[in-house]
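Have a look at the structure below before the remarks.
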Amino acid sequence: MKSTVVSTSLLMASILLMTGHEVVAGDKPFATEVIDEHTNSSNIRDILIWHSAKGPAILVASEGGLVVYDGETGGVRQKITSRHGLFGNSLRKLQSSDDNTLTVAGDFGWATLCPAHNAMSFNVCDVAKQSPKSFDPVNDIVTLENSQWLVRYQSGLARRATETDAIPSAPFGMWNSAAVNDTLLAVGGSDGRFIVYQGTMDAPLTTMRFESPVLKITSWQQGFAVATVDGLFLYRNGMVTPLLNGNARVRATALFAKENTHLLIGTDTGDLLRFDGQKVMPLTRFNGERILAITADDSDIWLGVSHEGLWRLNRKGAVHVQVKSEICANHITGLTRHQGRLVVRTFDNGACYKTENGWKPLLENKSKYVHGLISNGDFLMAADSNGISLYNESFKRVSDDQFNQGKNGWLMDSAAISATLFSPEAFVIGSPFGMATMTWRENGFSTEFWSHSKKIPKHITTVAAKGERIFIGTEHRGVAVLSKEGEMLEQYLDPMHLPEAWVMALAPLSESELYVGTCQNGVAHIKNGQSTLLNAAKGLPDNRIIALAPYKNGVFVGGLEGLSYANSLGQITNIGNATSTPDPRTSALHIEDNMLYYGTEAGLAVYSLFKSPSTTRPE
């Protein structure tokens with residue numbers, strides 16, 4: 001099978017797409033534009049107050065983009081994501097500049113934002129995008145010697161303008177945070193390293209190592225406050241002392257020094273503390289949640305609280321300020337449609353479905369870790385770490401007692417690994433104990449179970465079905481092909497059919513043609529028992545495959561470095577990490593009605609396939 005990377009033809013196709021012309025090249029589809037995008041901004045990483053002639057704005061960098069709030073009303077002025085030109089939605093740091101611009105940085109680059117003419121919103125005026133091949137997020141930004149310096153996780157500290165002016169004495173790797181205090185610069189890493197420079201960057205003033213990762217550093221009086229996993233420490237004149245609240249160490253997850261008179265401290269238990277240089281005093285508490293970011297002005301304290309978003313605290317009390325109707329989480333691991341509505345499952349925050357009034361959570365899941373989400377039109381099945389839940393046409397959970405569970409009723413409360421639809425009446429569930437089918441009869445569901453003793457392979461990772469065949473992907477034994485009665489028909493193994501035995505994704509085109517995505521060695525295309533390998537050497541962006549979606553006799557391939565398409569001839573077209581991609585780290589793919597639903601670790605994007613920019617926005 002011939003496999004090439006489309007280059008000049010892809011460039012021409014991209015130009016046509018940007019101008020709104022439809023491109024049809026054999027059976028190679030092209031994602032034209034993002035016509036919809038859904039993100040969640042509740043996990044906040046940084047907060048900045050922006051002052052303008054028309055009042056303050058509160059800028060919030062999150063895992064789901066940048067949100068601009070009105071500092072007086074608390075209303076949302078603007079939400080800026082990859083769809084508006086950012087390098088991606090997973091953001092980490094904000095910093096204002098003297099030239100009245102804003103720098104925003106994150107997992108895959110950084111950008112300059114310029115205030116619009118009304119000073120109430122921002123435009124992306126410059127962007128630098130990093131390749132996902134080397135995951136090197138910008139964790140912090142500091143201003144040093146009238147220049148902005150980026151603190152990148154692997155590359156260390158380098159001047160933003162050139163990225164070549166690295167501080168020579170700062171070793172590479174695992175840098176998290178930095179702060180400037182007069183002539184002092186401090187940097188800290190996730191390996192506990194803490195380095196302080198003074199005046200010159202040729203040699204450090206202090207080099208030491210904490211016993212746990214350095215999370216945050218802020219300037220404090222004549223030194224620094226340094227938050228590590230083990231506690232909060234105060235550095236001054238080469239001396240380090242732990243900050244205690246009574247006899248206990250303070251464990252900080254967020255810091256803000258206000259005019260060097262007091263230090264605001266957020267903790268992993270949700271406590272907001274105030275330190276005046278002498279004693280630690282409690283201000284408020286958010287039970288069970290971490291405080292992720294803090295900023296303050298003369299009247300308000302703004303807090304980013306995990307899973308809750310933005311809170312405003314002042315003398316009147318605490319007010320929850322948030323973007324309404326956001327998707328339940330950004331890390332989308334699966335999609336389906338039930339009763340005409342889009343339903344998504346997430347990595348660790350359950351499932352939700354889209355309505356006319358925004359996204360609503362799928363209530364009463366047995367666990368927030370949903371591994372399968374399938375609809376047969378009448379019922380929606382959610383298979384999670386604690387069992388199986390069924391929902392009716394109104395998205396109401398049906399009681400387990402209403403099932404005809406038979407002798408396998410225990411399956412309803414057992415961990416599920418994956419699920420697929422075998423027929424309009426039957427669900428297939430992969431579990432740690434084997435495989436089960438749930439078939440709708442007149443009086444309810446009947447369940448059949450095949451255990452490992454009946455040759456069902458162990459360590460199931462995913463299941464798929466096509467025609468009369470059930471395909472089971474495993475962690476160590478490749479792909480097993482079964483009949484609907486549970487009879488083992490054949491097995492695809494490493495190295496005869498697969499480049500490795502750890503299977504991550506399955507995409508059957510027919511009973512005899514199957515695409516298999518592996519953990520670290522690309523995709524095997526198996527047709528009539530013959531296998532052909534598609535990998536990075538043949539044009540894929542990455543060999544670590546997370547999701548597959550069949551389309552027009554080929555397959556969309558999602559990996560940790562972007563999205564591509566392989567047609568029936570094995571020709572590979574690389575599509576994302578392009579502008580308006582939420583994140584190159586693919587986590588789910590779903591296709592219907594010429595729409596590609598692209599789930600990533602930082603949001604869900606909807607692309608049109610073979611459509612002009614006037615394509616109707618999906619529900």
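Ordered as shown in the structure tokens, chains take letters A, B, and onward, while each chain numbers its residues from 1 and ligands are numbered from 1 in the order shown.
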
Per-residue nearest contacts stretch 297-406 of chain A to stretch 253-262 of chain A, cut-off 12 Å, using only C-alpha atoms, as JSON lines:
{"residue": "A:Asp297", "atom": "CA", "partner": "A:Lys258", "partner_atom": "CA", "distance": 8.1}
{"residue": "A:Asp298", "atom": "CA", "partner": "A:Lys258", "partner_atom": "CA", "distance": 9.4}
{"residue": "A:Ser299", "atom": "CA", "partner": "A:Lys258", "partner_atom": "CA", "distance": 11.9}
{"residue": "A:Asp300", "atom": "CA", "partner": "A:Lys258", "partner_atom": "CA", "distance": 11.7}
{"residue": "A:Ile301", "atom": "CA", "partner": "A:Phe256", "partner_atom": "CA", "distance": 10.0}
{"residue": "A:Trp302", "atom": "CA", "partner": "A:Phe256", "partner_atom": "CA", "distance": 10.5}
{"residue": "A:Leu303", "atom": "CA", "partner": "A:Ala254", "partner_atom": "CA", "distance": 9.2}
{"residue": "A:Gly304", "atom": "CA", "partner": "A:Ala254", "partner_atom": "CA", "distance": 9.1}
{"residue": "A:Val305", "atom": "CA", "partner": "A:Ala254", "partner_atom": "CA", "distance": 10.1}
{"residue": "A:Ser306", "atom": "CA", "partner": "A:Thr253", "partner_atom": "CA", "distance": 10.8}

Residue contacts of A:Asn181 (9 Å, only C-alpha atoms) excluding same-chain residues fewer than 4 positions away, as a PDB file with all heavy atoms, in the first residue's frame:
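Ended up saving to result.pdb:
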ATOM      1  N   LEU A 185      16.114  37.534  41.021  1.00  0.00           N
ATOM      2  CA  LEU A 185      15.251  36.679  40.224  1.00  0.00           C
ATOM      3  C   LEU A 185      15.296  35.277  40.816  1.00  0.00           C
ATOM      4  O   LEU A 185      16.378  34.722  41.048  1.00  0.00           O
ATOM      5  CB  LEU A 185      15.734  36.621  38.762  1.00  0.00           C
ATOM      6  CG  LEU A 185      15.148  35.503  37.898  1.00  0.00           C
ATOM      7  CD1 LEU A 185      13.669  35.743  37.627  1.00  0.00           C
ATOM      8  CD2 LEU A 185      15.910  35.352  36.590  1.00  0.00           C
ATOM      9  N   ALA A 186      14.135  34.693  41.069  1.00  0.00           N
ATOM     10  CA  ALA A 186      14.058  33.333  41.614  1.00  0.00           C
ATOM     11  C   ALA A 186      13.293  32.456  40.642  1.00  0.00           C
ATOM     12  O   ALA A 186      12.268  32.872  40.083  1.00  0.00           O
ATOM     13  CB  ALA A 186      13.371  33.332  42.972  1.00  0.00           C
ATOM     14  N   THR A 218       6.347  33.965  44.581  1.00  0.00           N
ATOM     15  CA  THR A 218       5.957  35.359  44.431  1.00  0.00           C
ATOM     16  C   THR A 218       6.906  36.229  45.235  1.00  0.00           C
ATOM     17  O   THR A 218       7.479  35.792  46.244  1.00  0.00           O
ATOM     18  CB  THR A 218       4.501  35.598  44.875  1.00  0.00           C
ATOM     19  OG1 THR A 218       4.076  36.887  44.452  1.00  0.00           O
ATOM     20  CG2 THR A 218       4.353  35.506  46.392  1.00  0.00           C
ATOM     21  N   SER A 219       7.099  37.463  44.769  1.00  0.00           N
ATOM     22  CA  SER A 219       7.918  38.421  45.491  1.00  0.00           C
ATOM     23  C   SER A 219       7.251  38.770  46.816  1.00  0.00           C
ATOM     24  O   SER A 219       6.041  39.028  46.875  1.00  0.00           O
ATOM     25  CB  SER A 219       8.097  39.678  44.635  1.00  0.00           C
ATOM     26  OG  SER A 219       8.691  40.707  45.373  1.00  0.00           O
ATOM     27  N   TRP A 220       8.038  38.745  47.902  1.00  0.00           N
ATOM     28  CA  TRP A 220       7.469  39.058  49.224  1.00  0.00           C
ATOM     29  C   TRP A 220       8.509  39.804  50.041  1.00  0.00           C
ATOM     30  O   TRP A 220       9.557  39.274  50.392  1.00  0.00           O
ATOM     31  CB  TRP A 220       7.028  37.775  49.922  1.00  0.00           C
ATOM     32  CG  TRP A 220       6.644  37.970  51.361  1.00  0.00           C
ATOM     33  CD1 TRP A 220       7.265  37.450  52.452  1.00  0.00           C
ATOM     34  CD2 TRP A 220       5.551  38.749  51.851  1.00  0.00           C
ATOM     35  NE1 TRP A 220       6.636  37.849  53.599  1.00  0.00           N
ATOM     36  CE2 TRP A 220       5.570  38.655  53.260  1.00  0.00           C
ATOM     37  CE3 TRP A 220       4.567  39.534  51.251  1.00  0.00           C
ATOM     38  CZ2 TRP A 220       4.644  39.306  54.078  1.00  0.00           C
ATOM     39  CZ3 TRP A 220       3.646  40.179  52.053  1.00  0.00           C
ATOM     40  CH2 TRP A 220       3.674  40.063  53.440  1.00  0.00           C
ATOM     41  N   GLN A 221       8.194  41.097  50.309  1.00  0.00           N
ATOM     42  CA  GLN A 221       9.069  41.978  51.061  1.00  0.00           C
ATOM     43  C   GLN A 221      10.480  41.945  50.481  1.00  0.00           C
ATOM     44  O   GLN A 221      10.665  42.187  49.298  1.00  0.00           O
ATOM     45  CB  GLN A 221       8.975  41.637  52.554  1.00  0.00           C
ATOM     46  CG  GLN A 221       7.564  41.909  53.088  1.00  0.00           C
ATOM     47  CD  GLN A 221       7.399  41.700  54.563  1.00  0.00           C
ATOM     48  OE1 GLN A 221       8.287  41.206  55.259  1.00  0.00           O
ATOM     49  NE2 GLN A 221       6.248  42.093  55.098  1.00  0.00           N
ATOM     50  N   GLN A 222      11.518  41.586  51.226  1.00  0.00           N
ATOM     51  CA  GLN A 222      12.878  41.605  50.673  1.00  0.00           C
ATOM     52  C   GLN A 222      13.299  40.255  50.085  1.00  0.00           C
ATOM     53  O   GLN A 222      14.479  40.045  49.798  1.00  0.00           O
ATOM     54  CB  GLN A 222      13.891  42.006  51.757  1.00  0.00           C
ATOM     55  CG  GLN A 222      13.879  43.483  52.082  1.00  0.00           C
ATOM     56  CD  GLN A 222      12.711  43.845  52.986  1.00  0.00           C
ATOM     57  OE1 GLN A 222      12.460  43.175  53.987  1.00  0.00           O
ATOM     58  NE2 GLN A 222      12.002  44.900  52.607  1.00  0.00           N
ATOM     59  N   GLY A 223      12.332  39.372  49.911  1.00  0.00           N
ATOM     60  CA  GLY A 223      12.677  38.058  49.397  1.00  0.00           C
ATOM     61  C   GLY A 223      11.541  37.456  48.595  1.00  0.00           C
ATOM     62  O   GLY A 223      10.882  38.149  47.802  1.00  0.00           O
ATOM     63  N   PHE A 224      11.268  36.179  48.850  1.00  0.00           N
ATOM     64  CA  PHE A 224      10.254  35.465  48.093  1.00  0.00           C
ATOM     65  C   PHE A 224       9.452  34.550  49.010  1.00  0.00           C
ATOM     66  O   PHE A 224       9.962  34.046  50.019  1.00  0.00           O
ATOM     67  CB  PHE A 224      10.901  34.613  46.992  1.00  0.00           C
ATOM     68  CG  PHE A 224      11.685  35.400  45.994  1.00  0.00           C
ATOM     69  CD1 PHE A 224      13.063  35.533  46.121  1.00  0.00           C
ATOM     70  CD2 PHE A 224      11.059  36.023  44.934  1.00  0.00           C
ATOM     71  CE1 PHE A 224      13.799  36.252  45.201  1.00  0.00           C
ATOM     72  CE2 PHE A 224      11.773  36.753  44.006  1.00  0.00           C
ATOM     73  CZ  PHE A 224      13.147  36.875  44.144  1.00  0.00           C
TER      74      PHE A 224
END

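Of the listed residues A:Tyr551, A:Phe445, A:Phe87, A:Tyr353, the one whose atoms come nearest to A:Asp401 is A:Phe445, with distances taken using only C-alpha atoms.
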
Within 8 Å of A:Ile545 using only C-alpha atoms, minus same-chain residues under 5 positions, as a PDB file with N, CA, C and O atoms, in the first residue's frame:
ATOM      1  N   MET A 504      -5.472   0.694  21.416  1.00  0.00           N
ATOM      2  CA  MET A 504      -6.127   1.854  22.012  1.00  0.00           C
ATOM      3  C   MET A 504      -7.461   2.197  21.340  1.00  0.00           C
ATOM      4  O   MET A 504      -8.355   2.751  21.974  1.00  0.00           O
ATOM      5  N   ALA A 505      -7.594   1.904  20.030  1.00  0.00           N
ATOM      6  CA  ALA A 505      -8.799   2.321  19.298  1.00  0.00           C
ATOM      7  C   ALA A 505      -9.065   1.341  18.166  1.00  0.00           C
ATOM      8  O   ALA A 505      -8.145   0.763  17.583  1.00  0.00           O
ATOM      9  N   GLY A 517      -5.757   1.187  16.119  1.00  0.00           N
ATOM     10  CA  GLY A 517      -4.816   2.158  16.653  1.00  0.00           C
ATOM     11  C   GLY A 517      -4.095   1.585  17.857  1.00  0.00           C
ATOM     12  O   GLY A 517      -4.729   1.062  18.778  1.00  0.00           O
ATOM     13  N   THR A 518      -2.774   1.678  17.869  1.00  0.00           N
ATOM     14  CA  THR A 518      -1.992   1.105  18.956  1.00  0.00           C
ATOM     15  C   THR A 518      -1.447   2.196  19.868  1.00  0.00           C
ATOM     16  O   THR A 518      -1.484   3.391  19.555  1.00  0.00           O
ATOM     17  N   CYS A 519      -0.918   1.754  20.994  1.00  0.00           N
ATOM     18  CA  CYS A 519      -0.481   2.690  22.025  1.00  0.00           C
ATOM     19  C   CYS A 519       0.708   3.531  21.579  1.00  0.00           C
ATOM     20  O   CYS A 519       0.734   4.738  21.815  1.00  0.00           O
ATOM     21  N   GLN A 520       1.701   2.901  20.895  1.00  0.00           N
ATOM     22  CA  GLN A 520       2.914   3.638  20.579  1.00  0.00           C
ATOM     23  C   GLN A 520       3.472   3.363  19.181  1.00  0.00           C
ATOM     24  O   GLN A 520       4.541   3.866  18.848  1.00  0.00           O
ATOM     25  N   ASN A 521       2.729   2.606  18.373  1.00  0.00           N
ATOM     26  CA  ASN A 521       3.306   2.198  17.088  1.00  0.00           C
ATOM     27  C   ASN A 521       2.369   2.381  15.911  1.00  0.00           C
ATOM     28  O   ASN A 521       2.410   1.608  14.951  1.00  0.00           O
ATOM     29  N   GLY A 522       1.523   3.399  15.938  1.00  0.00           N
ATOM     30  CA  GLY A 522       0.727   3.743  14.785  1.00  0.00           C
ATOM     31  C   GLY A 522      -0.527   2.909  14.592  1.00  0.00           C
ATOM     32  O   GLY A 522      -1.083   2.353  15.540  1.00  0.00           O
ATOM     33  N   VAL A 523      -0.959   2.802  13.324  1.00  0.00           N
ATOM     34  CA  VAL A 523      -2.233   2.186  12.969  1.00  0.00           C
ATOM     35  C   VAL A 523      -1.987   1.007  12.027  1.00  0.00           C
ATOM     36  O   VAL A 523      -1.206   1.103  11.069  1.00  0.00           O
ATOM     37  N   VAL A 557      -7.494   9.774  12.036  1.00  0.00           N
ATOM     38  CA  VAL A 557      -6.583   9.258  13.063  1.00  0.00           C
ATOM     39  C   VAL A 557      -6.242  10.396  14.024  1.00  0.00           C
ATOM     40  O   VAL A 557      -5.715  11.435  13.607  1.00  0.00           O
ATOM     41  N   GLY A 558      -6.536  10.187  15.293  1.00  0.00           N
ATOM     42  CA  GLY A 558      -6.215  11.178  16.306  1.00  0.00           C
ATOM     43  C   GLY A 558      -5.141  10.662  17.240  1.00  0.00           C
ATOM     44  O   GLY A 558      -5.289   9.599  17.847  1.00  0.00           O
ATOM     45  N   GLY A 559      -4.041  11.416  17.357  1.00  0.00           N
ATOM     46  CA  GLY A 559      -2.956  11.064  18.262  1.00  0.00           C
ATOM     47  C   GLY A 559      -2.651  12.204  19.208  1.00  0.00           C
ATOM     48  O   GLY A 559      -3.384  13.197  19.273  1.00  0.00           O
ATOM     49  N   LEU A 560      -1.559  12.097  19.927  1.00  0.00           N
ATOM     50  CA  LEU A 560      -1.182  13.120  20.889  1.00  0.00           C
ATOM     51  C   LEU A 560      -0.503  14.317  20.239  1.00  0.00           C
ATOM     52  O   LEU A 560      -0.193  15.286  20.927  1.00  0.00           O
TER      53      LEU A 560
END

Margin query: So that I can check the surroundings of A:Thr183, please list as an NGL selection string every protein, DNA and RNA residue that reaches within 9 Å of it, counting only C-alpha atoms and ignoring chain neighbours fewer than 5 positions away.
Written below: :A and (144 or 197-199)

Check: If you count only C-alpha atoms, which residues fall within 9 Å of stretch 531-539 of chain A, apart from same-chain ones fewer than 2 positions away, as a ChimeraX atom specification?
Finding: /A:1,3-6,496-499,521-529,541-543,564,566,570-574

Go ahead and dump the residues you just picked, C-alpha atoms, as an mmCIF file, in the first residue's frame.
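Done, and the output landed in selection_15.cif:
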data_model
loop_
_atom_site.group_PDB
_atom_site.id
_atom_site.type_symbol
_atom_site.label_atom_id
_atom_site.label_comp_id
_atom_site.auth_asym_id
_atom_site.auth_seq_id
_atom_site.Cartn_x
_atom_site.Cartn_y
_atom_site.Cartn_z
ATOM 1 C CA MET A 1 0.000 0.000 0.000
ATOM 2 C CA SER A 3 1.643 5.971 1.737
ATOM 3 C CA THR A 4 2.703 9.564 1.170
ATOM 4 C CA VAL A 5 2.423 12.889 2.957
ATOM 5 C CA VAL A 6 0.347 15.376 1.007
ATOM 6 C CA MET A 496 1.709 -10.890 12.230
ATOM 7 C CA HIS A 497 -1.068 -8.290 11.967
ATOM 8 C CA LEU A 498 -0.200 -5.543 14.473
ATOM 9 C CA PRO A 499 2.928 -3.486 15.213
ATOM 10 C CA ASN A 521 3.306 2.198 17.088
ATOM 11 C CA GLY A 522 0.727 3.743 14.785
ATOM 12 C CA VAL A 523 -2.233 2.186 12.969
ATOM 13 C CA ALA A 524 -2.676 -1.240 11.380
ATOM 14 C CA HIS A 525 -5.074 -1.442 8.426
ATOM 15 C CA ILE A 526 -6.314 -5.038 8.240
ATOM 16 C CA LYS A 527 -8.296 -6.061 5.162
ATOM 17 C CA ASN A 528 -9.176 -9.653 4.308
ATOM 18 C CA GLY A 529 -6.537 -10.847 6.743
ATOM 19 C CA PRO A 541 1.946 13.187 13.050
ATOM 20 C CA ASP A 542 2.413 10.708 15.875
ATOM 21 C CA ASN A 543 2.538 6.983 16.597
ATOM 22 C CA SER A 564 -4.796 13.264 10.236
ATOM 23 C CA ALA A 566 -5.668 8.153 5.790
ATOM 24 C CA GLY A 570 -2.960 4.795 2.470
ATOM 25 C CA GLN A 571 -2.283 8.418 1.540
ATOM 26 C CA ILE A 572 -2.080 10.533 4.686
ATOM 27 C CA THR A 573 -3.270 14.122 5.022
ATOM 28 C CA ASN A 574 -2.267 15.964 8.200
#

Just want the 6 Å neighbourhood of A:Trp149, counted on only C-alpha atoms, with same-chain residues fewer than 4 positions away dropped. Output as a PDB file with N, CA, C and O atoms, in the first residue's frame.
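Heads up, here's the output in part35.pdb:
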ATOM      1  N   ILE A 141       5.756  33.786  33.320  1.00  0.00           N
ATOM      2  CA  ILE A 141       6.370  34.890  32.590  1.00  0.00           C
ATOM      3  C   ILE A 141       6.869  35.896  33.622  1.00  0.00           C
ATOM      4  O   ILE A 141       6.162  36.204  34.587  1.00  0.00           O
ATOM      5  N   VAL A 142       8.082  36.401  33.450  1.00  0.00           N
ATOM      6  CA  VAL A 142       8.587  37.462  34.315  1.00  0.00           C
ATOM      7  C   VAL A 142       9.191  38.557  33.446  1.00  0.00           C
ATOM      8  O   VAL A 142       9.618  38.315  32.319  1.00  0.00           O
ATOM      9  N   ALA A 158      14.084  31.808  29.083  1.00  0.00           N
ATOM     10  CA  ALA A 158      14.642  32.401  27.872  1.00  0.00           C
ATOM     11  C   ALA A 158      13.876  33.668  27.524  1.00  0.00           C
ATOM     12  O   ALA A 158      12.684  33.780  27.798  1.00  0.00           O
ATOM     13  N   ARG A 159      14.588  34.612  26.906  1.00  0.00           N
ATOM     14  CA  ARG A 159      13.957  35.874  26.515  1.00  0.00           C
ATOM     15  C   ARG A 159      12.897  35.628  25.454  1.00  0.00           C
ATOM     16  O   ARG A 159      13.134  34.903  24.489  1.00  0.00           O
ATOM     17  N   ARG A 160      11.724  36.221  25.642  1.00  0.00           N
ATOM     18  CA  ARG A 160      10.618  35.950  24.743  1.00  0.00           C
ATOM     19  C   ARG A 160      10.897  36.392  23.312  1.00  0.00           C
ATOM     20  O   ARG A 160      10.512  35.723  22.354  1.00  0.00           O
TER      21      ARG A 160
END

Next item on the list: From the DSSP assignment of the backbone, select every residue of stretch 521-612 of chain A that is strand (DSSP E), and format the answer as a PyMOL selection string.
Entry: chain A and resi 523-527+530-534+545-551+554-559+562-566+572-576+586-592+595-600+603-609

Next item on the list: Between A:Val34, A:Ile470, A:Val481, A:Met438, single out the one closest to A:Leu411, counting only C-alpha atoms.
Entry: A:Met438

Next item on the list: Give me the residues within 10 Å of A:His371 as a ChimeraX atom specification, counting only C-alpha atoms and dropping any in the same chain fewer than 2 places off.
Entry: /A:333-334,345-348,350,367-369,373,382-385,415-419,430,461-462

Quick one: write out the picked residues with N, CA and C atoms as a tab-separated table (two decimals), in the first residue's frame?
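Result saved to result.tsv:
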chain	number	residue	atom	x	y	z
A	333	THR	N	-13.70	12.37	26.06
A	333	THR	CA	-13.22	11.03	25.72
A	333	THR	C	-14.20	10.22	24.88
A	334	GLY	N	-15.38	10.74	24.60
A	334	GLY	CA	-16.33	10.03	23.77
A	334	GLY	C	-17.56	10.86	23.48
A	345	ARG	N	-18.91	12.28	26.95
A	345	ARG	CA	-18.34	11.82	28.22
A	345	ARG	C	-16.96	12.43	28.37
A	346	THR	N	-16.56	12.63	29.61
A	346	THR	CA	-15.30	13.31	29.88
A	346	THR	C	-14.37	12.40	30.65
A	347	PHE	N	-13.13	12.81	30.77
A	347	PHE	CA	-12.12	11.99	31.41
A	347	PHE	C	-12.45	11.73	32.89
A	348	ASP	N	-12.85	12.77	33.61
A	348	ASP	CA	-13.06	12.59	35.05
A	348	ASP	C	-14.18	13.45	35.62
A	350	GLY	N	-17.72	13.06	34.53
A	350	GLY	CA	-19.02	12.57	34.12
A	350	GLY	C	-19.36	12.83	32.67
A	367	SER	N	-20.41	6.79	38.61
A	367	SER	CA	-19.05	7.30	38.76
A	367	SER	C	-18.86	8.44	37.77
A	368	LYS	N	-17.93	9.36	38.09
A	368	LYS	CA	-17.59	10.42	37.15
A	368	LYS	C	-16.66	9.94	36.03
A	369	TYR	N	-16.15	8.71	36.17
A	369	TYR	CA	-15.27	8.15	35.15
A	369	TYR	C	-16.10	7.29	34.21
A	373	LEU	N	-20.38	5.38	26.27
A	373	LEU	CA	-21.61	6.18	26.20
A	373	LEU	C	-22.25	5.86	24.85
A	382	ALA	N	-24.66	4.57	29.93
A	382	ALA	CA	-23.41	5.11	30.44
A	382	ALA	C	-22.72	4.01	31.22
A	383	ALA	N	-21.58	3.56	30.72
A	383	ALA	CA	-20.80	2.52	31.38
A	383	ALA	C	-19.60	3.18	32.05
A	384	ASP	N	-19.51	3.03	33.37
A	384	ASP	CA	-18.46	3.74	34.09
A	384	ASP	C	-17.72	2.82	35.05
A	385	SER	N	-16.89	3.41	35.87
A	385	SER	CA	-16.02	2.62	36.75
A	385	SER	C	-16.78	1.87	37.82
A	415	ALA	N	-17.42	-2.59	37.39
A	415	ALA	CA	-16.69	-1.67	36.53
A	415	ALA	C	-16.83	-2.05	35.07
A	416	ALA	N	-17.05	-1.06	34.23
A	416	ALA	CA	-17.09	-1.26	32.78
A	416	ALA	C	-15.91	-0.54	32.16
A	417	ILE	N	-15.36	-1.13	31.11
A	417	ILE	CA	-14.18	-0.57	30.47
A	417	ILE	C	-14.55	0.14	29.17
A	418	SER	N	-15.49	-0.42	28.43
A	418	SER	CA	-15.87	0.15	27.15
A	418	SER	C	-17.24	-0.39	26.77
A	419	ALA	N	-17.91	0.27	25.83
A	419	ALA	CA	-19.22	-0.18	25.37
A	419	ALA	C	-19.42	0.24	23.93
A	430	GLY	N	-17.54	-4.28	27.55
A	430	GLY	CA	-16.30	-4.91	27.96
A	430	GLY	C	-16.04	-4.59	29.43
A	461	THR	N	-9.39	-3.19	26.47
A	461	THR	CA	-9.26	-1.74	26.42
A	461	THR	C	-10.40	-1.06	25.69
A	462	THR	N	-10.95	-1.72	24.65
A	462	THR	CA	-12.03	-1.10	23.88
A	462	THR	C	-12.78	-2.18	23.11

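Here atom CA of A:Ala507 and atom CA of A:Val555 stand 7.7 Å from one another.
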
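One finds atom CA of A:Leu390 at 12.0 Å from atom CA of A:Trp440.
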
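Counting only C-alpha atoms, the residue from A:Leu232, A:Ala547, A:Ile195, A:Leu342 that sits nearest to A:Ser212 is A:Leu232.
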
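Nearest residue to A:Glu364 among A:Leu243, A:Val229, A:Val398, A:Ile49 is A:Val398, counting only C-alpha atoms.
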
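From atom CA of A:Ala436 back to atom CA of A:Glu448, the distance works out to 5.5 Å.
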